[in-house]
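The file structure-v3.csv comes next; it holds CSV, C-alpha atoms and all ligand atoms.
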chain,number,residue,atom,x,y,z
A,30,MET,CA,30.3,-50.0,14.7
A,31,THR,CA,27.8,-49.1,12.0
A,32,HIS,CA,24.4,-47.7,12.6
A,33,ALA,CA,21.3,-48.3,10.5
A,34,GLY,CA,19.4,-45.2,9.5
A,35,PHE,CA,20.1,-41.5,10.2
A,36,LEU,CA,21.8,-40.1,13.2
A,37,ASP,CA,21.0,-36.4,12.8
A,38,PHE,CA,19.1,-33.9,10.7
A,39,ASP,CA,21.6,-33.8,7.9
A,40,GLU,CA,21.6,-37.5,7.5
A,41,ALA,CA,17.8,-37.7,7.5
A,42,ARG,CA,17.8,-34.9,4.9
A,43,VAL,CA,20.1,-37.0,2.7
A,44,GLN,CA,17.7,-40.0,3.1
A,45,ALA,CA,14.7,-37.8,2.4
A,46,ARG,CA,16.4,-36.5,-0.8
A,47,ARG,CA,16.9,-40.0,-2.0
A,48,PHE,CA,13.3,-41.2,-1.2
A,49,LEU,CA,11.3,-38.2,-2.4
A,50,PRO,CA,10.8,-37.0,-6.0
A,51,ARG,CA,12.9,-34.0,-6.7
A,52,ALA,CA,9.9,-31.8,-7.1
A,53,LEU,CA,8.6,-32.7,-3.6
A,54,PHE,CA,12.0,-32.5,-1.9
A,55,ASP,CA,12.7,-29.1,-3.3
A,56,TYR,CA,9.2,-27.9,-2.3
A,57,ILE,CA,10.1,-28.9,1.3
A,58,ASP,CA,13.8,-28.0,1.4
A,59,ARG,CA,14.2,-24.8,-0.5
A,60,GLY,CA,13.6,-21.2,0.1
A,61,THR,CA,12.3,-18.4,-2.1
A,62,GLU,CA,13.9,-16.0,-4.6
A,63,ALA,CA,17.7,-16.1,-4.0
A,64,GLU,CA,17.3,-18.1,-0.8
A,65,LEU,CA,19.0,-15.4,1.2
A,66,ALA,CA,16.6,-15.9,4.2
A,67,LEU,CA,17.5,-19.6,4.3
A,68,ASP,CA,21.3,-18.8,4.2
A,69,ALA,CA,20.8,-16.1,7.0
A,70,LEU,CA,19.1,-18.7,9.2
A,71,ARG,CA,21.9,-21.2,8.8
A,72,GLN,CA,24.7,-18.6,9.2
A,73,GLY,CA,22.9,-17.0,12.2
A,74,PHE,CA,22.9,-20.2,14.1
A,75,ASP,CA,26.5,-21.1,13.1
A,76,ARG,CA,27.9,-17.7,14.1
A,77,CYS,CA,26.2,-17.7,17.5
A,78,ARG,CA,28.9,-19.1,19.8
A,79,VAL,CA,28.6,-19.9,23.5
A,80,VAL,CA,31.0,-19.4,26.4
A,81,PRO,CA,30.9,-22.7,28.3
A,82,ARG,CA,31.0,-22.8,32.1
A,83,VAL,CA,32.8,-25.7,33.8
A,84,LEU,CA,33.0,-27.3,37.2
A,85,ARG,CA,29.3,-26.8,37.5
A,86,PRO,CA,28.1,-30.4,37.2
A,87,VAL,CA,24.8,-30.9,35.4
A,88,ALA,CA,23.8,-34.5,35.8
A,89,ALA,CA,20.3,-34.4,34.5
A,90,PRO,CA,19.5,-31.2,32.7
A,91,ASP,CA,15.8,-30.2,32.9
A,92,ILE,CA,14.4,-29.4,29.4
A,93,SER,CA,10.8,-29.2,30.4
A,94,VAL,CA,9.1,-25.9,29.7
A,95,SER,CA,5.9,-23.9,30.4
A,96,VAL,CA,3.9,-22.8,27.4
A,97,MET,CA,0.8,-20.7,27.8
A,98,GLY,CA,0.3,-22.1,31.4
A,99,ARG,CA,1.0,-25.8,30.6
A,100,ARG,CA,4.0,-27.9,31.4
A,101,TYR,CA,5.6,-29.9,28.5
A,102,PRO,CA,8.5,-32.4,28.8
A,103,THR,CA,10.4,-30.8,26.0
A,104,PRO,CA,10.5,-27.3,24.4
A,105,LEU,CA,9.5,-28.8,21.0
A,106,ILE,CA,6.3,-28.3,19.0
A,107,VAL,CA,5.7,-29.7,15.5
A,108,ALA,CA,5.1,-26.7,13.1
A,109,PRO,CA,2.2,-26.8,10.6
A,110,THR,CA,3.3,-27.9,7.1
A,111,ALA,CA,1.0,-28.1,4.2
A,112,LEU,CA,0.6,-31.5,2.4
A,113,ALA,CA,2.7,-33.5,4.8
A,114,GLY,CA,0.7,-36.5,3.7
A,115,LEU,CA,2.6,-36.4,0.4
A,116,VAL,CA,5.8,-37.4,2.2
A,117,ARG,CA,4.5,-40.7,3.4
A,118,HIS,CA,1.1,-42.4,3.2
A,119,ASP,CA,-1.0,-40.8,6.0
A,120,GLY,CA,2.0,-38.6,6.8
A,121,GLU,CA,0.1,-36.2,9.1
A,122,VAL,CA,-1.2,-39.0,11.2
A,123,LYS,CA,2.2,-40.6,11.5
A,124,ILE,CA,3.8,-37.3,12.6
A,125,ALA,CA,1.0,-36.7,15.1
A,126,ARG,CA,1.4,-40.1,16.6
A,127,ALA,CA,5.2,-39.7,16.9
A,128,ALA,CA,4.7,-36.3,18.4
A,129,GLY,CA,2.2,-37.7,20.9
A,130,ALA,CA,4.6,-40.4,22.0
A,131,ALA,CA,7.2,-37.7,22.7
A,132,GLY,CA,4.8,-35.4,24.5
A,133,VAL,CA,5.2,-32.8,21.8
A,134,PRO,CA,2.2,-30.9,20.5
A,135,PHE,CA,1.4,-31.3,16.8
A,136,CYS,CA,0.0,-28.3,14.8
A,137,ALA,CA,-2.1,-29.5,11.9
A,138,ALA,CA,-2.3,-27.2,8.9
A,139,THR,CA,-5.4,-25.8,7.1
A,140,GLN,CA,-3.8,-27.2,3.9
A,141,SER,CA,-3.0,-30.6,5.3
A,142,SER,CA,-3.8,-33.6,3.2
A,143,THR,CA,-5.6,-35.3,6.1
A,144,SER,CA,-8.7,-33.7,7.6
A,145,ILE,CA,-8.6,-32.5,11.2
A,146,GLU,CA,-11.2,-35.1,12.1
A,147,ALA,CA,-9.1,-37.9,10.7
A,148,ILE,CA,-6.0,-36.7,12.4
A,149,ALA,CA,-7.8,-36.3,15.7
A,150,GLY,CA,-9.3,-39.8,15.4
A,151,ASN,CA,-5.9,-41.4,14.8
A,152,ALA,CA,-3.4,-39.2,16.6
A,153,ARG,CA,-3.1,-41.3,19.8
A,154,ALA,CA,-2.0,-39.1,22.7
A,155,ALA,CA,-0.9,-36.1,20.7
A,156,GLU,CA,-2.0,-32.6,21.8
A,157,LEU,CA,-3.4,-31.1,18.6
A,158,TRP,CA,-3.1,-27.5,17.6
A,159,PHE,CA,-4.6,-26.1,14.4
A,160,GLN,CA,-3.0,-23.6,12.0
A,161,LEU,CA,-5.4,-21.3,10.2
A,162,TYR,CA,-5.1,-19.8,6.8
A,163,VAL,CA,-8.2,-17.6,6.3
A,164,TRP,CA,-10.5,-18.3,3.4
A,165,ARG,CA,-12.0,-15.4,1.6
A,166,ASP,CA,-15.5,-16.6,2.6
A,167,ARG,CA,-15.5,-15.8,6.3
A,168,GLY,CA,-18.6,-17.9,6.9
A,169,GLU,CA,-16.8,-21.0,5.6
A,170,THR,CA,-13.8,-20.0,7.7
A,171,TRP,CA,-15.9,-19.9,10.9
A,172,LYS,CA,-17.4,-23.3,9.9
A,173,LEU,CA,-13.9,-24.7,9.7
A,174,LEU,CA,-13.1,-23.4,13.1
A,175,ASP,CA,-16.3,-25.1,14.5
A,176,ARG,CA,-15.0,-28.4,13.1
A,177,VAL,CA,-11.6,-27.8,14.7
A,178,ALA,CA,-13.1,-26.9,18.0
A,179,ALA,CA,-15.4,-30.0,17.9
A,180,GLN,CA,-12.2,-32.2,17.8
A,181,GLY,CA,-11.1,-30.8,21.1
A,182,VAL,CA,-8.4,-28.6,19.7
A,183,GLN,CA,-7.6,-25.8,22.2
A,184,THR,CA,-4.9,-23.9,20.5
A,185,LEU,CA,-5.4,-22.0,17.2
A,186,VAL,CA,-2.4,-20.6,15.3
A,187,LEU,CA,-3.2,-17.9,12.8
A,188,THR,CA,-0.4,-17.5,10.2
A,189,VAL,CA,0.0,-13.8,9.4
A,190,ASP,CA,3.3,-13.7,7.4
A,191,THR,CA,2.0,-14.8,4.0
A,192,PRO,CA,0.5,-11.6,2.5
A,193,ALA,CA,1.6,-12.6,-1.0
A,194,SER,CA,2.6,-15.7,-2.9
A,195,PRO,CA,6.3,-16.2,-2.6
A,196,LYS,CA,8.3,-16.5,-5.8
A,197,LYS,CA,9.8,-20.0,-6.0
A,198,ILE,CA,11.3,-20.8,-9.3
A,199,HIS,CA,12.3,-24.3,-8.3
A,200,ASN,CA,8.6,-25.2,-8.0
A,201,GLN,CA,7.9,-23.7,-11.4
A,202,ARG,CA,10.9,-25.5,-13.0
A,203,ASN,CA,10.0,-28.8,-11.4
A,204,GLY,CA,6.3,-28.5,-12.2
A,205,PHE,CA,5.4,-28.7,-8.6
A,206,GLY,CA,2.2,-26.9,-7.6
A,207,ILE,CA,-1.4,-27.2,-6.9
A,208,PRO,CA,-2.7,-28.1,-9.4
A,209,LEU,CA,0.0,-30.7,-10.2
A,210,ARG,CA,0.4,-30.5,-14.0
A,211,PRO,CA,1.5,-33.8,-15.6
A,212,SER,CA,4.7,-33.3,-17.6
A,213,LEU,CA,7.5,-35.4,-18.9
A,214,ARG,CA,9.9,-34.0,-16.4
A,215,LEU,CA,7.5,-34.9,-13.5
A,216,ALA,CA,7.0,-38.4,-15.0
A,217,ALA,CA,10.8,-38.9,-15.1
A,218,ASP,CA,11.1,-37.7,-11.5
A,219,LEU,CA,8.4,-40.3,-10.4
A,220,VAL,CA,10.1,-43.1,-12.3
A,221,ARG,CA,13.4,-42.3,-10.6
A,222,HIS,CA,11.8,-42.6,-7.2
A,223,PRO,CA,9.8,-45.8,-7.3
A,224,GLY,CA,9.7,-46.3,-3.5
A,225,TRP,CA,7.8,-43.1,-3.2
A,226,THR,CA,5.8,-43.5,-6.4
A,227,LEU,CA,4.5,-46.9,-5.5
A,228,GLY,CA,4.7,-46.8,-1.7
A,229,VAL,CA,3.1,-43.4,-1.2
A,230,MET,CA,1.2,-42.3,-4.3
A,231,GLY,CA,0.4,-45.9,-5.3
A,232,ARG,CA,-1.2,-46.6,-1.9
A,233,TYR,CA,-3.3,-43.4,-2.2
A,234,TRP,CA,-4.3,-44.3,-5.7
A,235,ALA,CA,-5.4,-47.8,-4.7
A,236,GLY,CA,-7.1,-46.6,-1.5
A,237,SER,CA,-8.8,-43.3,-0.8
A,238,GLY,CA,-7.7,-41.6,-4.0
A,239,LEU,CA,-5.1,-39.0,-4.6
A,240,PRO,CA,-4.4,-36.7,-1.7
A,241,SER,CA,-6.1,-33.3,-1.6
A,242,TYR,CA,-6.5,-30.4,0.8
A,243,ALA,CA,-8.6,-32.5,3.1
A,244,ASN,CA,-10.0,-29.7,5.3
A,245,TYR,CA,-11.6,-28.1,2.3
A,246,PRO,CA,-15.2,-29.1,1.6
A,247,PRO,CA,-15.2,-32.1,-0.8
A,248,ALA,CA,-17.2,-30.2,-3.4
A,249,VAL,CA,-14.4,-27.7,-3.7
A,250,GLY,CA,-12.6,-30.7,-4.8
A,251,THR,CA,-9.0,-30.6,-5.1
A,252,GLN,CA,-6.9,-33.5,-5.5
A,253,VAL,CA,-3.4,-32.5,-6.0
A,254,THR,CA,-4.0,-32.7,-9.7
A,255,SER,CA,-6.9,-30.1,-9.7
A,256,ALA,CA,-6.9,-26.5,-8.6
A,257,VAL,CA,-8.9,-24.8,-5.9
A,258,ILE,CA,-11.0,-22.8,-8.4
A,259,ASP,CA,-13.8,-21.8,-6.0
A,260,PRO,CA,-12.9,-18.2,-5.1
A,261,ARG,CA,-14.5,-18.5,-1.7
A,262,PHE,CA,-11.7,-20.9,-0.7
A,263,ALA,CA,-8.9,-18.8,-2.0
A,264,LEU,CA,-6.6,-17.7,0.8
A,265,ASP,CA,-7.4,-14.2,2.2
A,266,THR,CA,-3.9,-12.9,2.5
A,267,ILE,CA,-4.8,-9.4,3.5
A,268,LEU,CA,-5.4,-9.6,7.2
A,269,ASP,CA,-5.4,-6.8,9.7
A,270,LEU,CA,-5.6,-6.3,13.5
A,271,HIS,CA,-9.4,-6.0,13.3
A,272,PHE,CA,-9.5,-9.6,12.0
A,273,VAL,CA,-7.3,-10.7,14.9
A,274,GLU,CA,-9.7,-9.0,17.3
A,275,GLU,CA,-12.7,-10.7,15.7
A,276,LEU,CA,-11.0,-14.1,15.8
A,277,ARG,CA,-10.2,-13.4,19.4
A,278,ARG,CA,-13.9,-12.9,20.1
A,279,ARG,CA,-14.9,-16.1,18.2
A,280,TRP,CA,-12.2,-18.5,19.3
A,281,PRO,CA,-12.5,-19.5,23.0
A,282,GLY,CA,-9.2,-21.4,23.3
A,283,LYS,CA,-5.6,-20.2,23.1
A,284,LEU,CA,-4.8,-17.9,20.1
A,285,VAL,CA,-1.3,-17.7,18.7
A,286,LEU,CA,-0.1,-15.4,15.9
A,287,LYS,CA,2.6,-17.1,13.7
A,288,GLY,CA,5.1,-15.1,11.6
A,289,ILE,CA,6.0,-12.2,13.8
A,290,ALA,CA,9.4,-10.4,13.4
A,291,HIS,CA,8.9,-6.9,14.8
A,292,PRO,CA,8.6,-6.0,18.5
A,293,ASP,CA,5.7,-3.7,17.8
A,294,ASP,CA,3.8,-6.4,16.0
A,295,ALA,CA,4.3,-8.7,18.9
A,296,SER,CA,3.1,-6.1,21.3
A,297,ALA,CA,0.0,-5.5,19.1
A,298,ALA,CA,-0.7,-9.2,19.1
A,299,PHE,CA,-0.7,-9.4,22.9
A,300,GLY,CA,-2.7,-6.1,23.0
A,301,ALA,CA,-5.4,-7.8,20.9
A,302,GLY,CA,-5.6,-10.6,23.4
A,303,CYS,CA,-3.4,-13.3,21.8
A,304,ASP,CA,-1.9,-15.8,24.1
A,305,ALA,CA,1.4,-16.3,22.3
A,306,VAL,CA,3.3,-15.4,19.1
A,307,VAL,CA,5.6,-17.4,16.9
A,308,VAL,CA,8.7,-15.4,16.0
A,309,SER,CA,9.4,-16.8,12.6
A,310,SER,CA,10.7,-16.2,9.1
A,311,HIS,CA,8.6,-19.1,7.8
A,312,GLY,CA,11.6,-21.3,7.4
A,313,GLY,CA,13.1,-18.8,4.9
A,314,ARG,CA,10.1,-19.7,2.6
A,315,ASN,CA,8.3,-16.3,2.3
A,316,HIS,CA,10.1,-13.0,2.6
A,317,ASP,CA,13.6,-13.5,1.3
A,318,SER,CA,15.0,-10.4,3.0
A,319,ALA,CA,13.4,-11.2,6.4
A,320,ALA,CA,15.4,-10.8,9.6
A,321,THR,CA,16.0,-14.0,11.5
A,322,PRO,CA,14.2,-15.0,14.7
A,323,LEU,CA,17.6,-15.3,16.4
A,324,GLU,CA,18.3,-11.6,15.6
A,325,MET,CA,14.8,-10.3,16.6
A,326,LEU,CA,14.0,-12.4,19.7
A,327,PRO,CA,15.9,-10.3,22.3
A,328,ALA,CA,14.1,-7.1,21.2
A,329,ILE,CA,10.8,-8.8,21.1
A,330,ARG,CA,11.3,-10.3,24.6
A,331,ALA,CA,12.2,-6.8,25.8
A,332,ALA,CA,9.1,-5.4,24.3
A,333,VAL,CA,6.6,-7.9,25.6
A,334,GLY,CA,8.1,-8.7,29.0
A,335,ALA,CA,9.1,-11.8,30.8
A,336,GLU,CA,5.7,-13.3,31.2
A,337,ALA,CA,4.5,-13.3,27.6
A,338,THR,CA,4.8,-16.6,25.7
A,339,LEU,CA,7.1,-16.5,22.8
A,340,LEU,CA,7.5,-19.4,20.4
A,341,ALA,CA,10.1,-19.4,17.6
A,342,ASP,CA,11.0,-21.4,14.5
A,343,SER,CA,12.9,-21.4,11.2
A,344,GLY,CA,16.1,-23.2,10.4
A,345,VAL,CA,16.3,-25.4,13.4
A,346,ARG,CA,18.3,-28.6,12.6
A,347,ARG,CA,19.6,-29.7,15.9
A,348,GLY,CA,19.5,-29.3,19.7
A,349,SER,CA,22.0,-26.5,19.7
A,350,ASP,CA,19.8,-24.4,17.4
A,351,VAL,CA,16.9,-25.0,19.8
A,352,ALA,CA,19.1,-23.9,22.7
A,353,LYS,CA,20.1,-20.7,20.9
A,354,LEU,CA,16.5,-19.7,20.3
A,355,LEU,CA,15.6,-20.4,23.9
A,356,ALA,CA,18.6,-18.3,25.0
A,357,ALA,CA,17.5,-15.5,22.8
A,358,GLY,CA,14.1,-15.3,24.4
A,359,ALA,CA,11.9,-18.1,23.2
A,360,ASP,CA,9.9,-20.3,25.5
A,361,ALA,CA,9.6,-23.2,23.0
A,362,VAL,CA,10.6,-23.9,19.4
A,363,MET,CA,8.6,-25.2,16.4
A,364,LEU,CA,10.1,-27.7,13.9
A,365,GLY,CA,9.0,-27.7,10.3
A,366,ARG,CA,11.4,-29.6,8.1
A,367,ALA,CA,13.0,-31.8,10.8
A,368,PRO,CA,9.9,-34.0,11.4
A,369,LEU,CA,9.2,-34.1,7.6
A,370,TYR,CA,12.7,-35.5,7.0
A,371,GLY,CA,12.4,-38.0,9.8
A,372,LEU,CA,9.1,-39.1,8.2
A,373,ALA,CA,10.5,-39.3,4.7
A,374,ALA,CA,13.6,-41.3,5.9
A,375,GLU,CA,11.9,-43.8,8.2
A,376,GLY,CA,8.2,-43.2,8.5
A,377,GLU,CA,6.5,-42.7,11.9
A,378,SER,CA,9.5,-44.1,13.9
A,379,GLY,CA,11.7,-41.7,11.9
A,380,VAL,CA,9.8,-38.8,13.3
A,381,GLU,CA,10.1,-40.2,16.8
A,382,LYS,CA,13.8,-40.7,16.3
A,383,MET,CA,14.3,-37.1,14.9
A,384,LEU,CA,12.6,-35.6,18.0
A,385,SER,CA,14.6,-37.8,20.4
A,386,LEU,CA,17.9,-36.9,18.6
A,387,ILE,CA,17.2,-33.2,18.9
A,388,VAL,CA,16.3,-33.7,22.6
A,389,GLU,CA,19.5,-35.6,23.2
A,390,GLU,CA,21.5,-32.9,21.5
A,391,LEU,CA,19.7,-30.2,23.6
A,392,ARG,CA,20.5,-32.1,26.8
A,393,ALA,CA,24.2,-32.4,25.8
A,394,PHE,CA,24.2,-28.7,25.0
A,395,LEU,CA,23.1,-27.8,28.5
A,396,MET,CA,25.6,-30.2,30.1
A,397,PHE,CA,28.5,-28.8,27.9
A,398,SER,CA,27.4,-25.3,28.8
A,399,GLY,CA,27.1,-25.9,32.5
A,400,VAL,CA,23.4,-25.0,32.6
A,401,GLU,CA,20.8,-26.9,34.7
A,402,THR,CA,17.6,-25.8,32.9
A,403,THR,CA,16.4,-24.3,29.6
A,404,SER,CA,15.1,-21.3,31.5
A,405,ALA,CA,18.7,-20.6,32.8
A,406,LEU,CA,20.0,-20.5,29.2
A,407,GLY,CA,19.5,-16.7,28.7
A,501,LIG,C1,6.8,-28.1,3.3
A,501,LIG,C2,6.4,-27.0,4.2
A,501,LIG,C3,5.1,-26.5,4.2
A,501,LIG,C4,4.7,-25.5,5.1
A,501,LIG,N1,3.4,-25.1,5.2
A,501,LIG,C5,3.0,-24.2,6.1
A,501,LIG,C6,1.6,-23.9,6.2
A,501,LIG,O1,0.7,-24.4,5.5
A,501,LIG,N2,1.2,-22.9,7.1
A,501,LIG,C7,2.2,-22.3,7.9
A,501,LIG,O2,1.8,-21.5,8.7
A,501,LIG,N3,3.5,-22.6,7.8
A,501,LIG,C8,3.9,-23.5,6.9
A,501,LIG,N4,5.2,-23.8,6.8
A,501,LIG,C9,6.2,-23.2,7.7
A,501,LIG,C10,6.4,-23.9,9.0
A,501,LIG,O3,5.3,-23.9,9.8
A,501,LIG,C11,7.6,-23.4,9.8
A,501,LIG,O4,7.3,-22.0,10.1
A,501,LIG,C12,8.9,-23.5,9.1
A,501,LIG,O5,9.0,-24.7,8.4
A,501,LIG,C13,10.0,-23.5,10.2
A,501,LIG,O6,11.3,-23.7,9.6
A,501,LIG,P1,12.0,-25.1,9.5
A,501,LIG,O7,11.4,-25.8,8.4
A,501,LIG,O8,13.4,-24.7,9.1
A,501,LIG,O9,11.9,-25.8,10.8
A,501,LIG,C14,5.6,-24.9,5.9
A,501,LIG,C15,7.0,-25.3,5.9
A,501,LIG,C16,7.3,-26.3,5.1
A,501,LIG,C17,8.8,-26.8,5.1
I'd like the structure from this file rewritten - as structure tokens, please.
Amino acid sequence: MTHAGFLDFDEARVQARRFLPRALFDYIDRGTEAELALDALRQGFDRCRVVPRVLRPVAAPDISVSVMGRRYPTPLIVAPTALAGLVRHDGEVKIARAAGAAGVPFCAATQSSTSIEAIAGNARAAELWFQLYVWRDRGETWKLLDRVAAQGVQTLVLTVDTPASPKKIHNQRNGFGIPLRPSLRLAADLVRHPGWTLGVMGRYWAGSGLPSYANYPPAVGTQVTSAVIDPRFALDTILDLHFVEELRRRWPGKLVLKGIAHPDDASAAFGAGCDAVVVSSHGGRNHDSAATPLEMLPAIRAAVGAEATLLADSGVRRGSDVAKLLAAGADAVMLGRAPLYGLAAEGESGVEKMLSLIVEELRAFLMFSGVETTSALG
């Protein structure tokens, strides 16, 4: 029997590589420097083996989880990814709708190519979270948060693991960056991927214009072909605990710090009043020597106690990877590239399919392991 379309992460990734221009695929797929962090993620999951228990029938494994006091049907959350709207026309809305259909929260990015208002207006039932990169102009940053709160967003995710710009030579070689600089190489890349060039870029071109950082004020401009030149909207990468405390005073909803690796940093986050942290190596995209979440989660769980909410991400390709992070101490898991590849491969239904494949794999993992619930995985 043959099946149309992808059946797991790896197959979706292959389809994504075919559909997307090389420059965009590499931007999504690859790591930084020597890509050691990316390798460590993969090897970490692969090396982690499980001793199955048998004769303990698990007919209907329960994969629902509690996150910050709320119950969710699955332990999955869509991670924030900048410029997801480049993958497919209205990509962020498509991912949000697919997430909503699966009962999975969707975390919109500061640097998304659809504004938070447009996502909220079209996201169907998705629970929206918002990821904050801080602008140098704090007044403008607070205004952005007011807009986010006005859309009913209750969970704010502050990313703290990007204190410098990571070195990615593939982006430089491919000519991928903001601003997008026209080049022969880029032109050839576009010609080789007509489905994307016409179906995604062409539709933007014919409609609302080329995608930009849509949460930035229109005057700051910024289509993908023009740079953010206004220094007020440069990212403030030098954050400290005082800033987290100030944000805690200003943001009435749930506050999550994303990009934690050290137990002391996790403790400091909860000490400053955060509701959760995301243990993450940013998908191997930032610090190329960073420890993996799988390595660090047990010590972080021990430091913060059983009640604190720990999320985790980086390198998750299938249900077994999710299960391993849960077993290591996470309460739920964020997915970055997986929904993007589902989106690239088959659009909105591809994101839904990717989420449901990972859920099926997770259920099978529990049944093979003789474990009734995700909380019993540890
Ligand atoms: C294309 C892409 C763009 C991303 N942009 C952001 C971003 O704007 N803010 C952020 O906090 N994390 C960003 N991330 C990191 C993700 O939120 C997440 O931590 C990471 O992708 C998880 O690893 P995974 O892709 O292996 O699932 C991005 C990741 C990708 C792949």
Given all atoms listed in the file, how would the per-residue table for chain A near ligand LIG 501 (chain A) read, listing every residue at most 8 Å away with its closest atom pair and distance in Å to one decimal, sorted by chain and number, as JSON lines?
{"residue": "A:Tyr56", "atom": "CA", "partner": "A:LIG501", "partner_atom": "C1", "distance": 6.1}
{"residue": "A:Ile57", "atom": "CA", "partner": "A:LIG501", "partner_atom": "C1", "distance": 3.9}
{"residue": "A:Asp58", "atom": "CA", "partner": "A:LIG501", "partner_atom": "C17", "distance": 6.3}
{"residue": "A:Ala108", "atom": "CA", "partner": "A:LIG501", "partner_atom": "O3", "distance": 4.3}
{"residue": "A:Pro109", "atom": "CA", "partner": "A:LIG501", "partner_atom": "O3", "distance": 4.3}
{"residue": "A:Thr110", "atom": "CA", "partner": "A:LIG501", "partner_atom": "N1", "distance": 3.4}
{"residue": "A:Ala111", "atom": "CA", "partner": "A:LIG501", "partner_atom": "O1", "distance": 3.9}
{"residue": "A:Leu112", "atom": "CA", "partner": "A:LIG501", "partner_atom": "C3", "distance": 7.0}
{"residue": "A:Ala113", "atom": "CA", "partner": "A:LIG501", "partner_atom": "C1", "distance": 6.9}
{"residue": "A:Ala138", "atom": "CA", "partner": "A:LIG501", "partner_atom": "O1", "distance": 5.3}
{"residue": "A:Thr139", "atom": "CA", "partner": "A:LIG501", "partner_atom": "O1", "distance": 6.5}
{"residue": "A:Gln140", "atom": "CA", "partner": "A:LIG501", "partner_atom": "O1", "distance": 5.5}
{"residue": "A:Ser141", "atom": "CA", "partner": "A:LIG501", "partner_atom": "O1", "distance": 7.2}
{"residue": "A:Gln160", "atom": "CA", "partner": "A:LIG501", "partner_atom": "O2", "distance": 6.2}
{"residue": "A:Leu161", "atom": "CA", "partner": "A:LIG501", "partner_atom": "O2", "distance": 7.4}
{"residue": "A:Tyr162", "atom": "CA", "partner": "A:LIG501", "partner_atom": "N2", "distance": 7.0}
{"residue": "A:Val186", "atom": "CA", "partner": "A:LIG501", "partner_atom": "O2", "distance": 7.9}
{"residue": "A:Leu187", "atom": "CA", "partner": "A:LIG501", "partner_atom": "O2", "distance": 7.4}
{"residue": "A:Thr188", "atom": "CA", "partner": "A:LIG501", "partner_atom": "O2", "distance": 4.8}
{"residue": "A:Val189", "atom": "CA", "partner": "A:LIG501", "partner_atom": "O2", "distance": 7.9}
{"residue": "A:Lys287", "atom": "CA", "partner": "A:LIG501", "partner_atom": "O2", "distance": 6.7}
{"residue": "A:Gly288", "atom": "CA", "partner": "A:LIG501", "partner_atom": "O4", "distance": 7.4}
{"residue": "A:Ser309", "atom": "CA", "partner": "A:LIG501", "partner_atom": "O4", "distance": 6.1}
{"residue": "A:Ser310", "atom": "CA", "partner": "A:LIG501", "partner_atom": "O4", "distance": 6.8}
{"residue": "A:His311", "atom": "CA", "partner": "A:LIG501", "partner_atom": "O4", "distance": 3.9}
{"residue": "A:Gly312", "atom": "CA", "partner": "A:LIG501", "partner_atom": "O6", "distance": 3.3}
{"residue": "A:Gly313", "atom": "CA", "partner": "A:LIG501", "partner_atom": "O6", "distance": 7.0}
{"residue": "A:Arg314", "atom": "CA", "partner": "A:LIG501", "partner_atom": "C15", "distance": 7.2}
{"residue": "A:Asp342", "atom": "CA", "partner": "A:LIG501", "partner_atom": "C13", "distance": 4.9}
{"residue": "A:Ser343", "atom": "CA", "partner": "A:LIG501", "partner_atom": "O6", "distance": 3.2}
{"residue": "A:Gly344", "atom": "CA", "partner": "A:LIG501", "partner_atom": "O8", "distance": 3.4}
{"residue": "A:Val345", "atom": "CA", "partner": "A:LIG501", "partner_atom": "O9", "distance": 5.1}
{"residue": "A:Arg346", "atom": "CA", "partner": "A:LIG501", "partner_atom": "O8", "distance": 7.2}
{"residue": "A:Met363", "atom": "CA", "partner": "A:LIG501", "partner_atom": "O9", "distance": 6.5}
{"residue": "A:Leu364", "atom": "CA", "partner": "A:LIG501", "partner_atom": "O9", "distance": 4.1}
{"residue": "A:Gly365", "atom": "CA", "partner": "A:LIG501", "partner_atom": "O9", "distance": 3.5}
{"residue": "A:Arg366", "atom": "CA", "partner": "A:LIG501", "partner_atom": "O7", "distance": 3.8}
{"residue": "A:Ala367", "atom": "CA", "partner": "A:LIG501", "partner_atom": "O9", "distance": 6.1}
{"residue": "A:Leu369", "atom": "CA", "partner": "A:LIG501", "partner_atom": "C17", "distance": 7.7}
Find the residues around Val122 in chain A up to 7 Å (all atoms listed in the file counted), leave out those fewer than 3 positions away in its own chain, and share them as a list in words.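 Close residues of Val122 in chain A: Asp119, Ala125, Arg126, Ile148, Asn151 and Ala152 of chain A.
Using only C-alpha atoms, the protein and nucleic acid residues lying no more than 10 Å from Glu146 in chain A, apart from those fewer than 4 places from it along its own chain, are Gly150, Asn151, Ala152, Arg176, Val177, Ala179, Gln180, Gly181, Ala243 and Asn244 of chain A.
Using only C-alpha atoms, the protein and nucleic acid residues lying at most 6 Å from the point (13.3, -37.2, 3.2) are A:Arg42, A:Gln44, A:Ala45, A:Arg46, A:Phe48, A:Tyr370, A:Ala373, A:Ala374.
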Skipping near chain neighbours, those fewer than 4 positions away, what residues fall within 8 Å of Asp166 in chain A using all atoms listed in the file, listed as a list of chain:residue names?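 Counting all atoms listed in the file, the residues come to A:Thr170, A:Arg261, A:Phe262.
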Include C-alpha atoms and write out the residues we just selected as a tab-separated table (two decimals), keeping the file's coordinate frame.
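Okay, again_25.tsv is ready:
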chain	number	residue	atom	x	y	z
A	170	THR	CA	-13.80	-20.00	7.70
A	261	ARG	CA	-14.50	-18.50	-1.70
A	262	PHE	CA	-11.70	-20.90	-0.70
So which one's closest to Ala295 in chain A, A:Thr338, A:Ser378, A:Ser241, A:Asn203? Using only C-alpha atoms, please.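 Ranked by minimum distance to Ala295 in chain A, first place goes to A:Thr338.
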Tell me, as a ChimeraX atom specification, which residues lie within 7 Å of Glu62 in chain A, counting only C-alpha atoms; anything in the same chain fewer than 3 positions away does not count. /A:196-197,317
Take the residues just selected and output them with C-alpha atoms as a compact mmCIF listing (two decimals), in the frame of the given file.
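Okay, this is what ended up in out-v4.txt:
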# COMPACT_ATOMS: atom_id res chain seq x y z
CA LYS A 196 8.30 -16.50 -5.80
CA LYS A 197 9.80 -20.00 -6.00
CA ASP A 317 13.60 -13.50 1.30
